[in-house]
$ cat coords.cif   # mmCIF, C-alpha atoms
data_coords
loop_
_atom_site.label_atom_id
_atom_site.label_comp_id
_atom_site.auth_asym_id
_atom_site.auth_seq_id
_atom_site.Cartn_x
_atom_site.Cartn_y
_atom_site.Cartn_z
CA MET V 1 -40.88 -36.94 72.48
CA GLN V 2 -39.41 -34.32 70.14
CA LYS V 3 -38.91 -30.87 71.58
CA LEU V 4 -41.02 -28.24 69.84
CA ILE V 5 -39.10 -25.18 68.76
CA PRO V 6 -40.94 -21.84 68.87
CA PRO V 7 -41.45 -20.50 65.33
CA ALA V 8 -39.56 -17.26 66.00
CA GLU V 9 -36.45 -19.33 66.87
CA LYS V 10 -36.57 -21.02 63.45
CA ILE V 11 -36.25 -17.74 61.50
CA PHE V 12 -32.65 -16.88 60.64
CA ALA V 13 -31.59 -13.25 60.97
CA SER V 14 -28.92 -13.55 58.26
CA LEU V 15 -27.46 -15.79 55.59
CA GLU V 16 -24.39 -16.18 57.82
CA ASP V 17 -26.58 -17.70 60.55
CA ALA V 18 -28.10 -20.11 58.02
CA VAL V 19 -24.64 -21.11 56.74
CA ARG V 20 -23.46 -21.84 60.31
CA TRP V 21 -26.55 -24.04 60.79
CA ARG V 22 -25.81 -25.78 57.47
CA THR V 23 -22.25 -26.46 58.64
CA ARG V 24 -23.59 -28.08 61.84
CA LEU V 25 -25.95 -30.24 59.78
CA ARG V 26 -23.02 -31.50 57.69
CA LYS V 27 -21.05 -32.35 60.84
CA GLU V 28 -24.09 -34.28 62.10
CA LYS V 29 -24.36 -36.04 58.70
CA LEU V 30 -27.86 -34.60 58.13
CA SER V 31 -28.99 -33.68 54.64
CA LEU V 32 -30.58 -30.34 53.78
CA SER V 33 -33.49 -29.75 51.45
CA VAL V 34 -34.25 -26.18 50.36
CA THR V 35 -37.15 -24.56 48.60
CA ASN V 36 -38.03 -20.94 47.97
CA GLY V 37 -41.04 -18.80 47.23
CA CYS V 38 -43.40 -16.04 48.29
CA PHE V 39 -45.82 -18.16 50.36
CA ASP V 40 -48.08 -15.13 50.62
CA ILE V 41 -51.34 -16.76 51.68
CA LEU V 42 -50.66 -20.20 53.12
CA HIS V 43 -53.06 -22.91 51.99
CA ARG V 44 -53.28 -26.68 51.67
CA GLY V 45 -51.28 -26.68 48.43
CA HIS V 46 -48.38 -25.00 50.23
CA ALA V 47 -48.58 -27.44 53.16
CA GLU V 48 -48.49 -30.49 50.88
CA TYR V 49 -45.69 -28.97 48.81
CA LEU V 50 -43.58 -28.19 51.89
CA TRP V 51 -44.23 -31.64 53.34
CA SER V 52 -42.98 -33.18 50.09
CA ALA V 53 -39.95 -30.86 50.04
CA ARG V 54 -39.09 -31.89 53.62
CA ARG V 55 -39.14 -35.54 52.66
CA LEU V 56 -36.23 -34.88 50.27
CA GLY V 57 -33.84 -34.32 53.19
CA ASP V 58 -33.36 -34.60 56.92
CA ARG V 59 -34.03 -30.87 57.36
CA LEU V 60 -35.96 -28.26 55.36
CA LEU V 61 -34.99 -24.62 54.94
CA VAL V 62 -37.44 -22.26 53.21
CA LEU V 63 -35.91 -19.26 51.44
CA LEU V 64 -38.68 -16.67 51.60
CA ASN V 65 -38.98 -13.71 49.22
CA SER V 66 -38.87 -10.38 51.05
CA ASP V 67 -41.79 -7.97 50.71
CA GLU V 68 -39.86 -5.92 48.14
CA SER V 69 -39.07 -9.04 46.14
CA VAL V 70 -42.72 -10.15 46.15
CA ARG V 71 -43.83 -6.71 44.91
CA ALA V 72 -41.30 -6.89 42.08
CA LEU V 73 -42.50 -10.37 41.08
CA LYS V 74 -46.26 -10.12 41.72
CA GLY V 75 -47.13 -6.43 41.51
CA PRO V 76 -47.85 -3.55 43.91
CA ALA V 77 -50.84 -5.22 45.62
CA ARG V 78 -48.69 -8.06 46.93
CA PRO V 79 -47.74 -9.40 49.30
CA VAL V 80 -50.98 -9.60 51.23
CA ASN V 81 -49.06 -10.64 54.37
CA GLY V 82 -45.77 -9.12 55.47
CA GLU V 83 -42.50 -11.04 55.40
CA TYR V 84 -42.21 -11.61 59.15
CA ASP V 85 -45.79 -12.91 59.34
CA ARG V 86 -45.16 -15.20 56.36
CA ALA V 87 -41.89 -16.41 57.89
CA PHE V 88 -43.56 -17.03 61.26
CA LEU V 89 -46.38 -19.05 59.70
CA LEU V 90 -43.93 -21.16 57.67
CA ALA V 91 -41.80 -21.74 60.76
CA SER V 92 -44.94 -22.86 62.60
CA PHE V 93 -45.03 -26.05 60.53
CA GLU V 94 -43.22 -28.79 62.43
CA PHE V 95 -41.76 -30.10 59.15
CA VAL V 96 -40.17 -26.72 58.32
CA ASP V 97 -36.89 -26.57 60.21
CA ALA V 98 -35.81 -23.05 59.31
CA VAL V 99 -36.75 -19.95 57.30
CA LEU V 100 -34.52 -17.27 55.81
CA VAL V 101 -35.89 -14.12 54.16
CA PHE V 102 -33.84 -13.13 51.13
CA ARG V 103 -33.77 -9.58 49.79
CA GLY V 104 -32.84 -9.99 46.14
CA ALA V 105 -35.08 -10.80 43.21
CA ARG V 106 -33.58 -14.29 43.12
CA CYS V 107 -31.90 -16.52 45.71
CA HIS V 108 -28.86 -17.72 43.76
CA ALA V 109 -26.41 -16.30 46.33
CA GLU V 110 -28.20 -18.10 49.16
CA LEU V 111 -28.32 -21.37 47.20
CA ALA V 112 -24.60 -21.11 46.39
CA ALA V 113 -23.69 -20.40 50.03
CA LEU V 114 -25.88 -23.19 51.44
CA ALA V 115 -25.15 -25.85 48.77
CA PRO V 116 -28.20 -27.92 49.73
CA ASP V 117 -28.37 -31.66 49.11
CA ALA V 118 -31.86 -31.33 47.60
CA TYR V 119 -33.89 -28.50 46.12
CA ALA V 120 -37.66 -28.50 45.53
CA LYS V 121 -39.58 -26.33 43.10
CA GLY V 122 -43.20 -26.32 42.01
CA GLY V 123 -44.39 -28.50 39.17
CA ASP V 124 -44.87 -25.52 36.86
CA TYR V 125 -41.06 -25.33 36.54
CA THR V 126 -38.52 -27.49 34.73
CA LEU V 127 -34.75 -27.46 34.96
CA GLU V 128 -34.74 -25.33 31.81
CA THR V 129 -37.17 -22.73 33.19
CA LEU V 130 -35.45 -22.22 36.55
CA ASP V 131 -33.72 -18.88 36.87
CA PRO V 132 -30.34 -19.41 35.13
CA GLU V 133 -28.28 -18.15 38.11
CA GLU V 134 -30.25 -20.29 40.58
CA ARG V 135 -29.90 -23.32 38.28
CA ALA V 136 -26.13 -22.72 37.98
CA ALA V 137 -25.73 -22.47 41.77
CA LEU V 138 -27.64 -25.73 42.25
CA LEU V 139 -25.78 -27.62 39.52
CA GLN V 140 -22.40 -26.36 40.72
CA SER V 141 -23.02 -27.73 44.21
CA GLY V 142 -24.36 -31.06 42.93
CA THR V 143 -27.80 -30.46 44.39
CA LYS V 144 -30.54 -32.92 43.44
CA VAL V 145 -33.41 -30.88 41.95
CA SER V 146 -37.01 -32.15 42.27
CA PHE V 147 -40.24 -30.71 40.86
CA ILE V 148 -43.30 -31.22 43.04
CA PRO V 149 -46.74 -31.22 41.40
CA PHE V 150 -49.36 -28.75 42.55
CA VAL V 151 -52.45 -29.83 44.47
CA PRO V 152 -55.28 -29.19 41.97
CA GLY V 153 -57.56 -26.31 42.91
CA HIS V 154 -55.21 -24.88 45.55
CA SER V 155 -53.28 -21.75 44.64
CA THR V 156 -52.80 -18.28 46.03
CA SER V 157 -54.02 -16.77 42.75
CA ALA V 158 -57.27 -18.77 42.96
CA ILE V 159 -57.81 -17.66 46.57
CA LEU V 160 -57.27 -14.02 45.62
CA ARG V 161 -59.68 -14.29 42.67
CA LYS V 162 -62.35 -15.71 44.99
CA SER V 163 -61.84 -12.95 47.52
CA GLY V 164 -62.59 -10.19 45.01
CA PRO V 165 -60.69 -7.30 43.51
CA ARG V 166 -57.63 -5.93 45.25
CA PRO V 167 -56.77 -2.24 45.44
#

$ encode --input "coords.cif" --output "structure tokens"
Amino acid sequence: MQKLIPPAEKIFASLEDAVRWRTRLRKEKLSLSVTNGCFDILHRGHAEYLWSARRLGDRLLVLLNSDESVRALKGPARPVNGEYDRAFLLASFEFVDAVLVFRGARCHAELAALAPDAYAKGGDYTLETLDPEERAALLQSGTKVSFIPFVPGHSTSAILRKSGPRP
């Protein structure tokens, strides 16, 4: 039986910690899949997306936008849930092996440092519409990029519209 790891132990404190973990994975000949996003209000669409992203490698690391980054991308009313709560919930999924909160607007530095074997992004993106610096980091490290379709009817925006106006 596989040992369950408490969610808090799956949240990296720094990029350096994540890179050390990545180095151990390479030594163990385990592949790494990475995805990134806000994951503000977890729902079925996120769970299916993350499950698919995990299947691209032996381990899955989620690069999570910090609260400041989410505000810059989504506006002053977001995130609904704070970064530690979002990280904890993501780490609670058995198929998510690790989470790292990144502070910048984009995660190109993290992608370059980690050089994942596989990278997953939502189906609303293409290679051409990825952030140019993120795309360059992925291509430079030879990362296989996959685009995972959305689960129809499941999105954070739809949930927020149903819940009514936000201040």

$ residues_around --input "coords.cif" --residues "Arg71 (chain V)" --least-positions-apart "5" --cutoff "10 Å" --atoms "only C-alpha atoms" --output "PyMOL selection string"
chain V and resi 38+65-66+76-80+105

$ atom_distance --input "coords.cif" --atom1 "CA of Leu89 (chain V)" --atom2 "CA of Thr126 (chain V)"
27.5 Å

$ resolve_selection --input "coords.cif" --expression "the PyMOL selection byres ((chain V and resi 108) around 7)" --output "list in words"
Arg106, Cys107, Ala109, Glu110, Leu111, Ala112, Glu133, Glu134 and Ala137 of chain V

$ write_last_selection --input "coords.cif" --atoms "C-alpha atoms" --output "mmCIF file, in the coordinates of the input"
data_model
loop_
_atom_site.group_PDB
_atom_site.id
_atom_site.type_symbol
_atom_site.label_atom_id
_atom_site.label_comp_id
_atom_site.auth_asym_id
_atom_site.auth_seq_id
_atom_site.Cartn_x
_atom_site.Cartn_y
_atom_site.Cartn_z
ATOM 1 C CA ARG V 106 -33.580 -14.290 43.120
ATOM 2 C CA CYS V 107 -31.900 -16.520 45.710
ATOM 3 C CA ALA V 109 -26.410 -16.300 46.330
ATOM 4 C CA GLU V 110 -28.200 -18.100 49.160
ATOM 5 C CA LEU V 111 -28.320 -21.370 47.200
ATOM 6 C CA ALA V 112 -24.600 -21.110 46.390
ATOM 7 C CA GLU V 133 -28.280 -18.150 38.110
ATOM 8 C CA GLU V 134 -30.250 -20.290 40.580
ATOM 9 C CA ALA V 137 -25.730 -22.470 41.770
#

$ resolve_selection --input "coords.cif" --expression "the PyMOL selection byres ((chain V and resi 30) around 12)" --output "list in words"
Trp21, Arg22, Thr23, Arg24, Leu25, Arg26, Lys27, Glu28, Lys29, Ser31, Leu32, Ser33, Leu56, Gly57, Asp58, Arg59, Leu60, Pro116, Asp117 and Ala118 of chain V

$ closest_residue --input "coords.cif" --among "V:Ala53, V:Leu130, V:Ala72, V:Leu4" --to "Glu94 (chain V)" --atoms "all atoms listed in the file"
V:Leu4

$ residues_around --input "coords.cif" --residues "Ala98 (chain V)" --least-positions-apart "4" --cutoff "9 Å" --atoms "only C-alpha atoms" --output "list in words"
Pro7, Glu9, Lys10, Ile11, Phe12, Ala18, Arg59, Leu60, Leu61, Val62, Leu63, Leu90 and Ala91 of chain V

$ atom_distance --input "coords.cif" --atom1 "CA of Gly75 (chain V)" --atom2 "CA of Pro149 (chain V)"
24.8 Å

$ build_atoms --input "coords.cif" --residues "region 9-20 of chain V" --atoms "N, CA and C atoms" --output "compact mmCIF listing (two decimals), keeping the file's coordinate frame"
# COMPACT_ATOMS: atom_id res chain seq x y z
N GLU V 9 -37.82 -18.82 66.77
CA GLU V 9 -36.45 -19.33 66.87
C GLU V 9 -35.99 -20.06 65.62
N LYS V 10 -36.90 -20.31 64.69
CA LYS V 10 -36.57 -21.02 63.45
C LYS V 10 -36.36 -20.06 62.28
N ILE V 11 -36.42 -18.76 62.55
CA ILE V 11 -36.25 -17.74 61.50
C ILE V 11 -34.83 -17.18 61.64
N PHE V 12 -34.02 -17.39 60.61
CA PHE V 12 -32.65 -16.88 60.64
C PHE V 12 -32.63 -15.38 60.40
N ALA V 13 -31.74 -14.69 61.12
CA ALA V 13 -31.59 -13.25 60.97
C ALA V 13 -30.71 -12.90 59.78
N SER V 14 -29.86 -13.85 59.35
CA SER V 14 -28.92 -13.55 58.26
C SER V 14 -28.53 -14.83 57.54
N LEU V 15 -28.00 -14.65 56.35
CA LEU V 15 -27.46 -15.79 55.59
C LEU V 15 -26.31 -16.43 56.36
N GLU V 16 -25.51 -15.63 57.04
CA GLU V 16 -24.39 -16.18 57.82
C GLU V 16 -24.89 -17.14 58.89
N ASP V 17 -26.00 -16.80 59.56
CA ASP V 17 -26.58 -17.70 60.55
C ASP V 17 -27.02 -19.01 59.91
N ALA V 18 -27.64 -18.92 58.73
CA ALA V 18 -28.10 -20.11 58.02
C ALA V 18 -26.91 -20.97 57.60
N VAL V 19 -25.83 -20.36 57.15
CA VAL V 19 -24.64 -21.11 56.74
C VAL V 19 -24.02 -21.82 57.94
N ARG V 20 -23.99 -21.18 59.09
CA ARG V 20 -23.46 -21.84 60.31
C ARG V 20 -24.32 -23.06 60.65
